[in-house]
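Engineer: Handing over entry_36.txt, compact mmCIF, C-alpha atoms and all ligand atoms.
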```
# COMPACT_ATOMS: atom_id res chain seq x y z
CA MET M 20 0.47 82.27 36.82
CA ASN M 21 4.21 81.86 37.06
CA ASP M 22 7.22 84.05 37.62
CA VAL M 23 10.21 83.25 35.46
CA LEU M 24 13.24 84.07 37.58
CA PRO M 25 16.65 85.05 36.20
CA ALA M 26 17.99 81.52 36.72
CA GLN M 27 15.35 80.13 34.32
CA VAL M 28 15.00 82.98 31.89
CA GLY M 29 17.89 81.75 29.75
CA ARG M 30 15.75 78.79 28.75
CA TRP M 31 12.93 81.12 27.71
CA GLN M 32 15.27 83.31 25.72
CA GLU M 33 16.65 80.25 23.98
CA MET M 34 13.16 78.99 23.04
CA GLU M 35 12.38 82.40 21.60
CA ARG M 36 15.71 82.91 19.83
CA VAL M 37 15.53 79.52 18.09
CA ALA M 38 11.88 80.18 17.16
CA ARG M 39 12.82 83.49 15.53
CA GLU M 40 15.64 81.77 13.62
CA VAL M 41 13.37 79.00 12.34
CA PHE M 42 10.56 81.39 11.40
CA ALA M 43 13.04 83.48 9.44
CA LEU M 44 14.17 80.37 7.55
CA TYR M 45 10.58 79.77 6.45
CA GLY M 46 9.68 83.37 5.65
CA TYR M 47 7.41 84.12 8.62
CA ARG M 48 7.33 87.69 9.94
CA GLU M 49 6.44 88.77 13.45
CA VAL M 50 3.12 90.40 14.38
CA ARG M 51 2.30 91.87 17.79
CA THR M 52 -1.34 92.22 18.75
CA PRO M 53 -2.93 93.34 22.05
CA ALA M 54 -3.47 90.94 24.96
CA VAL M 55 -7.04 92.27 25.22
CA GLU M 56 -9.69 92.02 22.50
CA GLN M 57 -13.46 92.34 22.36
CA TYR M 58 -15.24 89.40 23.95
CA ALA M 59 -17.30 88.96 20.78
CA LEU M 60 -14.19 88.23 18.71
CA PHE M 61 -13.46 85.07 20.71
CA ALA M 62 -17.13 84.10 21.06
CA ARG M 63 -17.47 84.18 17.26
CA GLY M 64 -13.97 83.04 16.36
CA VAL M 65 -13.08 80.33 18.86
CA GLY M 66 -16.72 79.37 19.47
CA GLU M 67 -19.25 80.26 22.15
CA LEU M 68 -19.75 76.63 23.11
CA THR M 69 -16.09 75.74 23.56
CA ASP M 70 -14.74 75.35 27.08
CA ILE M 71 -12.18 78.04 26.31
CA VAL M 72 -14.82 80.72 25.69
CA ASN M 73 -17.61 79.35 27.81
CA LYS M 74 -15.69 78.57 30.99
CA GLU M 75 -12.12 79.72 30.83
CA MET M 76 -12.02 83.29 29.55
CA TYR M 77 -11.26 86.30 31.73
CA VAL M 78 -14.05 88.64 30.68
CA PHE M 79 -14.64 92.16 31.97
CA GLU M 80 -16.66 95.22 31.21
CA ASP M 81 -14.55 98.25 30.30
CA LYS M 82 -16.27 100.75 32.64
CA GLY M 83 -19.68 99.96 31.18
CA GLU M 84 -18.50 100.58 27.63
CA GLU M 85 -17.91 97.19 26.10
CA LEU M 86 -17.23 93.61 26.96
CA LEU M 87 -13.55 92.73 26.68
CA ALA M 88 -11.53 89.59 27.29
CA LEU M 89 -7.93 88.63 27.92
CA ARG M 90 -6.94 86.62 24.87
CA PRO M 91 -7.13 82.87 25.49
CA GLU M 92 -5.22 82.18 22.26
CA GLY M 93 -3.55 84.07 19.42
CA THR M 94 -5.39 83.11 16.25
CA ALA M 95 -8.55 85.22 16.66
CA GLY M 96 -6.59 88.42 17.38
CA THR M 97 -4.20 87.76 14.51
CA VAL M 98 -7.13 87.26 12.13
CA ARG M 99 -8.71 90.48 13.48
CA ALA M 100 -5.49 92.38 12.75
CA PHE M 101 -5.21 90.76 9.30
CA ILE M 102 -8.71 91.96 8.43
CA GLU M 103 -8.45 95.38 10.07
CA HIS M 104 -5.30 96.27 8.14
CA GLY M 105 -6.47 94.80 4.83
CA ALA M 106 -3.40 92.56 4.72
CA HIS M 107 -4.98 90.23 2.16
CA VAL M 108 -4.26 92.72 -0.65
CA GLU M 109 -0.59 91.82 -0.31
CA GLY M 110 -1.33 88.17 -1.11
CA LEU M 111 0.08 85.31 0.87
CA GLN M 112 0.95 86.37 4.42
CA LYS M 113 3.00 84.32 6.89
CA TRP M 114 3.00 85.73 10.41
CA PHE M 115 4.26 84.57 13.79
CA TYR M 116 3.75 85.78 17.36
CA LEU M 117 5.04 85.18 20.85
CA GLY M 118 3.27 86.13 24.02
CA PRO M 119 1.07 85.49 27.03
CA MET M 120 -2.40 83.92 26.75
CA PHE M 121 -4.95 83.55 29.55
CA ARG M 122 -7.32 80.72 30.40
CA ARG M 123 -9.04 80.27 33.73
CA GLU M 124 -8.32 76.55 33.91
CA ARG M 125 -7.76 74.39 36.96
CA PRO M 126 -4.02 74.83 37.44
CA GLN M 127 -1.84 71.73 37.38
CA LYS M 128 1.49 70.67 35.92
CA GLY M 129 1.66 72.08 32.40
CA ARG M 130 -1.61 73.95 32.73
CA TYR M 131 -1.59 77.53 33.95
CA ARG M 132 -3.85 80.55 33.87
CA GLN M 133 -1.28 82.74 32.19
CA PHE M 134 0.83 80.76 29.76
CA HIS M 135 2.93 81.65 26.75
CA GLN M 136 2.58 80.61 23.16
CA ILE M 137 4.87 80.70 20.18
CA GLY M 138 2.48 80.58 17.25
CA CYS M 139 2.15 81.23 13.56
CA GLU M 140 -0.55 81.73 10.97
CA ALA M 141 -0.37 81.55 7.17
CA PHE M 142 -3.11 83.33 5.26
CA GLY M 143 -4.10 82.89 1.62
CA VAL M 144 -3.08 79.31 0.80
CA ALA M 145 -5.64 76.54 0.55
CA GLU M 146 -3.14 74.07 -0.88
CA PRO M 147 -2.13 71.17 1.37
CA ALA M 148 1.57 71.81 0.79
CA ILE M 149 1.53 74.63 3.33
CA ASP M 150 -0.10 72.49 6.02
CA ALA M 151 2.75 70.01 5.61
CA GLU M 152 5.41 72.70 5.40
CA GLN M 153 4.16 74.30 8.60
CA ILE M 154 4.12 71.00 10.45
CA ALA M 155 7.65 70.33 9.17
CA MET M 156 8.69 73.77 10.44
CA LEU M 157 7.43 72.90 13.92
CA ASP M 158 9.14 69.53 13.73
CA ASP M 159 12.33 71.32 12.69
CA TYR M 160 12.02 73.71 15.64
CA LEU M 161 11.52 70.89 18.15
CA ALA M 162 14.52 69.06 16.70
CA ARG M 163 16.68 72.17 17.07
CA MET M 164 15.54 72.39 20.69
CA GLY M 165 16.64 68.75 21.10
CA VAL M 166 13.11 67.53 21.78
CA ARG M 167 11.38 64.47 20.35
CA ALA M 168 7.61 64.69 20.21
CA GLN M 169 5.00 62.58 18.42
CA LEU M 170 2.93 64.13 15.67
CA ARG M 171 -0.74 63.11 15.84
CA LEU M 172 -2.66 63.96 12.70
CA ASN M 173 -6.31 64.04 11.72
CA SER M 174 -8.77 65.66 9.36
CA VAL M 175 -11.88 67.17 10.93
CA GLY M 176 -13.66 67.58 7.59
CA ASP M 177 -15.43 70.71 6.43
CA PRO M 178 -18.98 72.20 6.37
CA GLN M 179 -19.89 69.74 3.64
CA CYS M 180 -18.98 66.43 5.29
CA ARG M 181 -19.01 67.29 8.99
CA PRO M 182 -22.73 68.05 9.62
CA PRO M 183 -24.08 64.69 8.36
CA TYR M 184 -21.32 62.94 10.29
CA LEU M 185 -22.21 64.85 13.48
CA GLU M 186 -25.81 63.73 13.14
CA ASP M 187 -24.70 60.09 12.93
CA LEU M 188 -22.33 60.56 15.84
CA ARG M 189 -25.05 62.16 17.95
CA ARG M 190 -27.42 59.33 17.21
CA TYR M 191 -24.78 56.73 18.06
CA LEU M 192 -23.78 58.43 21.32
CA ALA M 193 -27.39 59.02 22.39
CA ALA M 194 -28.15 55.32 21.89
CA ARG M 195 -25.30 54.41 24.27
CA LYS M 196 -25.48 57.33 26.67
CA GLY M 197 -26.01 55.01 29.64
CA GLU M 198 -22.39 53.85 29.18
CA LEU M 199 -20.98 57.39 29.08
CA CYS M 200 -19.88 59.72 31.90
CA PRO M 201 -21.98 62.80 32.90
CA ASP M 202 -19.56 65.12 31.07
CA CYS M 203 -19.98 63.19 27.84
CA ASN M 204 -23.73 63.14 28.32
CA SER M 205 -23.86 66.91 28.64
CA ARG M 206 -21.92 67.24 25.37
CA ILE M 207 -23.83 64.84 23.13
CA GLU M 208 -26.22 67.54 21.94
CA ARG M 209 -24.02 70.62 22.19
CA ASN M 210 -20.64 69.40 21.02
CA PRO M 211 -20.54 65.70 20.16
CA LEU M 212 -17.04 65.90 18.65
CA ARG M 213 -15.63 66.79 22.08
CA VAL M 214 -17.10 63.57 23.47
CA LEU M 215 -14.55 61.69 21.35
CA ASP M 216 -11.82 63.41 23.33
CA CYS M 217 -13.03 62.12 26.73
CA LYS M 218 -10.30 60.43 28.77
CA VAL M 219 -12.57 58.66 31.29
CA GLU M 220 -11.71 54.95 31.20
CA SER M 221 -15.29 53.65 31.29
CA CYS M 222 -16.22 55.73 28.21
CA GLN M 223 -13.49 54.23 26.04
CA PRO M 224 -15.30 51.13 24.69
CA VAL M 225 -18.16 53.30 23.35
CA LEU M 226 -15.76 55.85 21.89
CA ARG M 227 -13.57 53.21 20.25
CA GLU M 228 -16.53 51.90 18.31
CA ALA M 229 -17.92 55.34 17.41
CA PRO M 230 -18.27 56.26 13.72
CA ARG M 231 -15.13 58.00 12.44
CA LEU M 232 -15.11 61.21 10.48
CA LEU M 233 -12.00 59.99 8.68
CA ASP M 234 -14.18 57.32 7.03
CA ARG M 235 -16.75 59.92 5.97
CA LEU M 236 -14.66 62.72 4.47
CA CYS M 237 -16.04 64.30 1.30
CA ASP M 238 -13.93 63.99 -1.84
CA GLY M 239 -12.38 67.45 -1.41
CA CYS M 240 -11.34 66.80 2.20
CA ARG M 241 -10.12 63.29 1.40
CA ALA M 242 -7.90 64.56 -1.44
CA HIS M 243 -6.59 67.39 0.73
CA PHE M 244 -5.78 65.05 3.59
CA ASP M 245 -4.06 62.52 1.31
CA ALA M 246 -1.94 65.34 -0.11
CA VAL M 247 -0.96 66.57 3.39
CA LYS M 248 0.11 63.04 4.34
CA GLY M 249 2.01 62.63 1.08
CA ALA M 250 3.86 65.92 1.54
CA LEU M 251 4.76 65.00 5.13
CA GLU M 252 6.19 61.73 3.85
CA ASP M 253 8.17 63.65 1.21
CA LEU M 254 9.50 65.92 3.94
CA GLY M 255 10.42 62.99 6.17
CA VAL M 256 8.09 63.95 9.01
CA ALA M 257 6.67 60.90 10.80
CA TYR M 258 3.04 61.03 11.93
CA GLU M 259 0.46 58.90 13.61
CA LEU M 260 -3.14 59.01 12.41
CA GLU M 261 -5.40 59.94 15.29
CA PRO M 262 -9.03 59.74 14.13
CA ARG M 263 -10.26 60.94 17.55
CA LEU M 264 -8.15 64.10 17.64
CA VAL M 265 -10.68 66.96 17.73
CA ARG M 266 -8.98 70.04 19.29
CA GLY M 267 -10.79 72.41 21.66
CA LEU M 268 -11.47 75.29 19.26
CA ASP M 269 -14.34 75.43 16.76
CA TYR M 270 -12.61 77.05 13.80
CA TYR M 271 -10.78 74.04 12.43
CA VAL M 272 -11.54 72.43 9.09
CA ARG M 273 -9.60 69.63 7.41
CA THR M 274 -6.09 69.38 8.90
CA ALA M 275 -5.84 69.18 12.71
CA PHE M 276 -2.73 68.09 14.57
CA GLU M 277 -0.90 68.00 17.86
CA PHE M 278 2.63 67.24 18.96
CA THR M 279 2.64 65.28 22.21
CA SER M 280 5.33 64.21 24.63
CA ASP M 281 5.32 61.55 27.36
CA ALA M 282 7.31 63.95 29.54
CA LEU M 283 4.15 66.00 30.02
CA GLY M 284 1.84 63.45 31.67
CA ALA M 285 -1.85 64.25 31.33
CA GLN M 286 -1.39 67.61 29.57
CA SER M 287 0.55 65.92 26.84
CA ALA M 288 0.26 68.38 23.94
CA VAL M 289 3.23 70.68 23.56
CA ALA M 290 1.78 72.24 20.41
CA GLY M 291 -1.33 72.06 18.32
CA GLY M 292 -2.92 73.61 15.29
CA GLY M 293 -4.59 73.11 11.97
CA ARG M 294 -6.45 74.70 9.11
CA TYR M 295 -9.20 77.28 9.56
CA ASP M 296 -10.57 78.16 6.10
CA GLY M 297 -13.73 80.21 6.69
CA LEU M 298 -12.58 81.96 9.89
CA VAL M 299 -11.39 85.15 8.20
CA GLU M 300 -14.68 85.47 6.36
CA MET M 301 -16.69 84.62 9.47
CA LEU M 302 -14.95 87.45 11.33
CA GLY M 303 -15.89 89.97 8.63
CA GLY M 304 -12.97 89.67 6.20
CA PRO M 305 -12.61 88.33 2.66
CA ALA M 306 -12.73 84.60 1.91
CA VAL M 307 -9.08 83.86 2.73
CA PRO M 308 -8.00 80.41 3.88
CA GLY M 309 -5.66 80.01 6.85
CA VAL M 310 -3.57 77.48 8.70
CA GLY M 311 -1.51 77.78 11.88
CA TYR M 312 -0.38 76.36 15.16
CA ALA M 313 0.79 77.37 18.62
CA LEU M 314 3.33 75.84 20.96
CA GLY M 315 3.11 76.15 24.75
CA GLN M 316 6.36 77.51 26.15
CA GLU M 317 5.73 76.30 29.71
CA ARG M 318 5.22 72.79 28.36
CA LEU M 319 8.35 72.94 26.24
CA ALA M 320 10.24 74.17 29.33
CA LEU M 321 8.94 71.15 31.28
CA ILE M 322 10.16 68.79 28.56
CA LEU M 323 13.60 70.44 28.50
CA GLU M 324 13.76 70.15 32.29
CA SER M 325 12.79 66.48 32.17
CA LEU M 326 15.69 65.94 29.77
CA GLY M 327 17.99 67.44 32.38
CA ARG M 328 18.89 70.24 30.01
CA LYS M 329 20.50 73.20 31.78
CA ALA M 330 19.12 76.64 31.09
CA PRO M 331 21.88 78.70 29.46
CA GLU M 332 22.92 81.64 31.64
CA PRO M 333 25.03 84.61 30.62
CA ALA M 334 28.25 84.97 32.61
CA PRO M 335 30.81 87.80 32.78
CA ALA M 336 34.20 87.23 31.19
CA VAL M 337 35.88 88.76 34.21
CA PHE M 338 35.05 89.76 37.77
CA LEU M 339 37.07 92.73 39.06
CA ILE M 340 37.98 92.39 42.73
CA SER M 341 39.19 95.37 44.73
CA ALA M 342 41.79 95.00 47.49
CA ASP M 343 41.61 98.60 48.73
CA ALA M 344 40.15 102.03 47.97
CA ALA M 345 42.57 102.73 45.08
CA GLY M 346 41.73 99.31 43.64
CA ALA M 347 37.99 99.97 43.93
CA ARG M 348 38.31 103.20 41.94
CA GLU M 349 40.43 101.48 39.32
CA ALA M 350 37.97 98.56 39.11
CA LEU M 351 35.05 100.88 38.38
CA ARG M 352 37.04 102.70 35.70
CA ARG M 353 38.41 99.53 34.08
CA ALA M 354 34.94 97.93 34.13
CA ALA M 355 33.60 100.86 32.11
CA GLU M 356 36.50 100.49 29.67
CA LEU M 357 35.91 96.75 29.28
CA ARG M 358 32.20 97.19 28.69
CA ARG M 359 32.87 99.84 26.05
CA ALA M 360 35.03 97.23 24.32
CA GLY M 361 32.12 94.76 24.47
CA VAL M 362 33.58 92.58 27.24
CA ALA M 363 31.02 91.51 29.85
CA CYS M 364 32.40 92.15 33.32
CA ASP M 365 31.16 92.50 36.84
CA LEU M 366 32.31 93.75 40.23
CA ASP M 367 30.95 94.05 43.73
CA PRO M 368 30.52 97.75 44.53
CA ARG M 369 30.31 96.88 48.21
CA GLY M 370 34.00 95.91 48.17
CA GLY M 371 34.66 93.97 51.35
CA LYS M 372 36.84 90.93 52.00
CA LEU M 373 38.68 89.38 49.05
CA LYS M 374 37.20 85.98 49.89
CA ALA M 375 33.65 87.33 49.74
CA GLN M 376 34.34 88.98 46.40
CA PHE M 377 35.80 85.73 44.99
CA LYS M 378 32.67 83.97 46.19
CA GLN M 379 30.55 86.47 44.28
CA ALA M 380 32.71 85.90 41.17
CA GLU M 381 31.95 82.18 41.48
CA ARG M 382 28.25 82.81 41.99
CA VAL M 383 27.96 84.74 38.72
CA HIS M 384 30.10 82.10 36.94
CA ALA M 385 32.80 84.58 35.92
CA ARG M 386 35.42 82.99 33.70
CA TYR M 387 38.27 85.03 35.17
CA ALA M 388 38.88 87.13 38.28
CA LEU M 389 41.33 89.99 38.58
CA VAL M 390 42.44 91.57 41.86
CA LEU M 391 43.15 95.31 41.81
CA GLY M 392 44.87 97.19 44.64
CA GLY M 393 47.33 100.05 45.11
CA ASP M 394 50.25 97.93 43.76
CA GLU M 395 48.43 96.95 40.58
CA VAL M 396 47.31 100.53 40.00
CA ALA M 397 50.89 101.76 40.41
CA SER M 398 52.49 99.10 38.17
CA GLY M 399 49.68 98.81 35.61
CA GLN M 400 50.12 95.04 35.92
CA ALA M 401 47.80 92.47 37.52
CA LYS M 402 47.15 88.74 37.62
CA LEU M 403 44.30 87.25 35.64
CA LYS M 404 42.99 84.19 37.46
CA ASP M 405 41.18 81.46 35.57
CA MET M 406 38.28 80.56 37.87
CA GLU M 407 38.19 76.97 36.70
CA THR M 408 41.87 75.95 36.55
CA ARG M 409 42.91 78.47 39.26
CA GLU M 410 45.87 79.32 37.01
CA GLU M 411 47.18 82.90 37.18
CA THR M 412 48.70 84.81 34.27
CA PRO M 413 50.23 88.26 34.47
CA VAL M 414 48.51 90.84 32.30
CA SER M 415 48.96 94.53 31.60
CA LEU M 416 45.80 96.44 32.55
CA ASP M 417 45.85 98.35 29.28
CA ALA M 418 45.92 95.09 27.32
CA LEU M 419 43.07 93.55 29.35
CA ALA M 420 40.16 94.42 27.04
CA GLY M 421 41.89 93.09 23.91
CA ARG M 422 43.01 89.96 25.67
CA LEU M 423 39.57 89.15 27.11
CA ALA M 424 37.75 89.96 23.91
CA ALA M 425 39.94 87.37 22.18
CA ALA M 426 39.69 84.81 25.01
CA THR M 427 35.91 84.92 25.31
CA ARG M 428 34.94 85.33 21.68
P1 LIG M 501 -4.35 75.19 21.71
O1 LIG M 501 -4.20 73.72 21.42
O2 LIG M 501 -5.51 75.60 22.51
O3 LIG M 501 -4.34 75.90 20.30
O4 LIG M 501 -3.05 75.71 22.42
C1 LIG M 501 -1.76 75.48 21.85
C2 LIG M 501 -0.78 75.06 22.92
O5 LIG M 501 -0.77 76.02 23.97
C3 LIG M 501 -1.10 73.75 23.61
O6 LIG M 501 -0.64 72.65 22.85
C4 LIG M 501 -0.33 73.89 24.91
O7 LIG M 501 1.03 73.54 24.71
C5 LIG M 501 -0.44 75.37 25.19
N1 LIG M 501 -1.48 75.62 26.21
C6 LIG M 501 -2.81 75.73 26.03
N2 LIG M 501 -3.44 75.97 27.20
C7 LIG M 501 -2.49 76.02 28.14
C8 LIG M 501 -2.47 76.25 29.56
N3 LIG M 501 -3.60 76.52 30.23
N4 LIG M 501 -1.29 76.22 30.21
C9 LIG M 501 -0.14 75.97 29.55
N5 LIG M 501 -0.08 75.77 28.22
C10 LIG M 501 -1.23 75.78 27.51
C11 LIG M 501 -4.44 77.26 20.13
O8 LIG M 501 -4.35 78.07 21.02
C12 LIG M 501 -4.61 77.66 18.68
N6 LIG M 501 -4.73 79.14 18.62
C13 LIG M 501 -3.44 77.20 17.86
C14 LIG M 501 -3.58 77.59 16.42
C15 LIG M 501 -2.97 78.60 15.80
N7 LIG M 501 -4.37 77.00 15.54
C16 LIG M 501 -4.28 77.63 14.39
N8 LIG M 501 -3.43 78.63 14.54
```
Mind converting the file's structure to structure tokens?
Structural biologist:
Amino acid sequence: MNDVLPAQVGRWQEMERVAREVFALYGYREVRTPAVEQYALFARGVGELTDIVNKEMYVFEDKGEELLALRPEGTAGTVRAFIEHGAHVEGLQKWFYLGPMFRRERPQKGRYRQFHQIGCEAFGVAEPAIDAEQIAMLDDYLARMGVRAQLRLNSVGDPQCRPPYLEDLRRYLAARKGELCPDCNSRIERNPLRVLDCKVESCQPVLREAPRLLDRLCDGCRAHFDAVKGALEDLGVAYELEPRLVRGLDYYVRTAFEFTSDALGAQSAVAGGGRYDGLVEMLGGPAVPGVGYALGQERLALILESLGRKAPEPAPAVFLISADAAGAREALRRAAELRRAGVACDLDPRGGKLKAQFKQAERVHARYALVLGGDEVASGQAKLKDMETREETPVSLDALAGRLAAATR
């Protein structure tokens, strides 16, 4: 679990600000749900046999009352809120969320136990146009953040075409289990789709030749997938077909996708999502289709860092430096005046040597510095020093706020 210190927080604020702007452009509204939900919600929603629920969830008993869990992802809680508040009666709903998620994974670069997602969910549209629009929205967001990532796209079928495929896959994998790693072997029965995702080198020949769900889609899933691809082409979003992309959550049907970046190494997905028709109903709501995705903020931050992008930091327009006791009083008063006028300013209440105060002005990246002492107080005039060019310009103290508001607008 990480601390985000003030020097890095600008990057986080930027990720969130741009996300809010893009969501607004596409008509998504924010929802805030609790970080804790009932364990059963995730067991049913995400899937009891997934690694996320089975191995990685922080689960605890609420003083013997009920079994709760820290949310490992945002979709299940969002669906719970959608159902609980009867939001389907208002028709199509497009929601987004930002916040911490928790998975007890083995920590490594890009993989943490508390991490942060920016995610969205659209309820009530089965049509493929929204899958494509949502992917384009994420692509748009990444472009605004100055990041290039590869879109990997797949269809994971539906309850009509997936079960017969899984049987074939199981049979195929069981016949070649001697060539597969122990992890794969333990998954053949329980979760054969996850076997396709194995990264162990020696498993690859078997997996490359495995039957592909993309070749077995039913007519409905095939038409849906073709339409998603067509709409992505219309929208100018490039994709790579990835028949072995399976995702680690059980609720997906049809569209499944990830955006990956080489900057991330092994944990290469910066965002992932897909369609989950059936989930709302399975969790006790009406039969409402859904589609969504989530982006990992820590991973996006790593990409931005690898690009050498500086985190934006707020800086005061002016740093008020006091030369003596009269100057210190004046500085405090003028600072209040400037802030009332909306001009960001700073001072060092400890006073002290001029040199030390100038150093502090540099440290906070103040654009200007202004020394105040008995003389300046008496004359109402001071010198505004540009911290970059070192140039000094005389200024009347009463005109300071107006002047700085104009200079730093
Ligand atoms: P997910 O693929 O499990 O999907 O997570 C989405 C993103 O969260 C990942 O691509 C990654 O960037 C980030 N992430 C996941 N685990 C960690 C971790 N341990 N440390 C750092 N970052 C991590 C979901 O969570 C789905 N709820 C997405 C979704 C929404 N599907 C439909 N709607």
Engineer: Select the residues contacting ligand LIG 501 (chain M) at a distance of at most 8 Å, based on only C-alpha atoms and all ligand atoms, then format the selection as a PyMOL selection string.
Structural biologist: chain M and resi 91-95+121-124+126+129-136+138-140+266-268+271+277-278+286-295+310-319
Engineer: Quick one: residues within 7 Å of M:Glu259, only C-alpha atoms, excluding same-chain residues fewer than 5 positions away - as JSON, numbers by chain?
Structural biologist: {"M": [170, 171, 172]}
Engineer: Show me as a VMD selection string the residues that reach within 9 Å of (-26.3, 78.4, 21.0), counting all atoms listed in the file and using the file's own coordinates.
Structural biologist: chain M and resid 67 to 68 209
Engineer: What separation in Å, quoted to one decimal, exists between atom CA of M:Ala345 and atom CA of M:Gln376?
Structural biologist: 16.1 Å
Engineer: Between atom CA of M:Ser325 and atom CA of M:Gln169, what is the spacing in Å?
Structural biologist: 16.3 Å
Engineer: Using only C-alpha atoms, which residue out of M:Ala285, M:Ala420, M:Leu24, M:Val362 lies closest to M:Gln127?
Structural biologist: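 Smallest separation from M:Gln127 among the options: M:Ala285.
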Engineer: To one decimal place, how far is atom CA of M:Ser398 from atom CA of M:Ala418 in Å?
Structural biologist: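 Computed distance, atom CA of M:Ser398 to atom CA of M:Ala418, equals 13.3 Å.
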Engineer: Using all atoms listed in the file, which protein or nucleic acid residues come within 9 Å of stretch 185-199 of chain M? Drop anything in the same chain fewer than 5 positions from it, and give the result as a count of residues only.
Structural biologist: 19
Engineer: Hey, what's within 8 Å of M:Lys248 if we count only C-alpha atoms and toss same-chain stuff fewer than 4 positions away? As a list of chain:residue names, please?
Structural biologist: M:Ala151, M:Phe244, M:Glu252
Engineer: Point out the residue among M:Leu419, M:Leu321, M:Val37, M:Met20 with the least atom-to-atom distance to M:Gly399, counting all atoms listed in the file.
Structural biologist: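 Among the listed residues, M:Leu419 lies closest to M:Gly399.
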Engineer: Between M:Glu103, M:Glu261, M:Glu324, M:Asp253, which residue has the minimum interatomic distance to M:Gly304, considering all atoms listed in the file?
Structural biologist: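 Checking each candidate against M:Gly304, we get M:Glu103 as the closest.
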Engineer: When distances are computed from all atoms listed in the file, which of M:Cys200, M:Ala330, M:Cys237, M:Ala385 shows the smallest separation from M:Arg273?
Structural biologist: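 Once distances to M:Arg273 are computed over all atoms listed in the file, the minimum belongs to M:Cys237.
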Engineer: Let me make sure I understand: among M:Ala426, M:Met76, M:Ala257, M:Ala388, which one has the smallest atom-to-atom distance to M:Phe61 if we use all atoms listed in the file?
Structural biologist: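 Looking only at the distances to M:Phe61, the closest residue turns out to be M:Met76.
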Engineer: Pick from M:Ala141, M:Val78, M:Ala342, M:Ala375: nearest to M:Val98, with all atoms listed in the file counted?
Structural biologist: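 When distances to M:Val98 are compared using all atoms listed in the file, the smallest one comes from M:Ala141.
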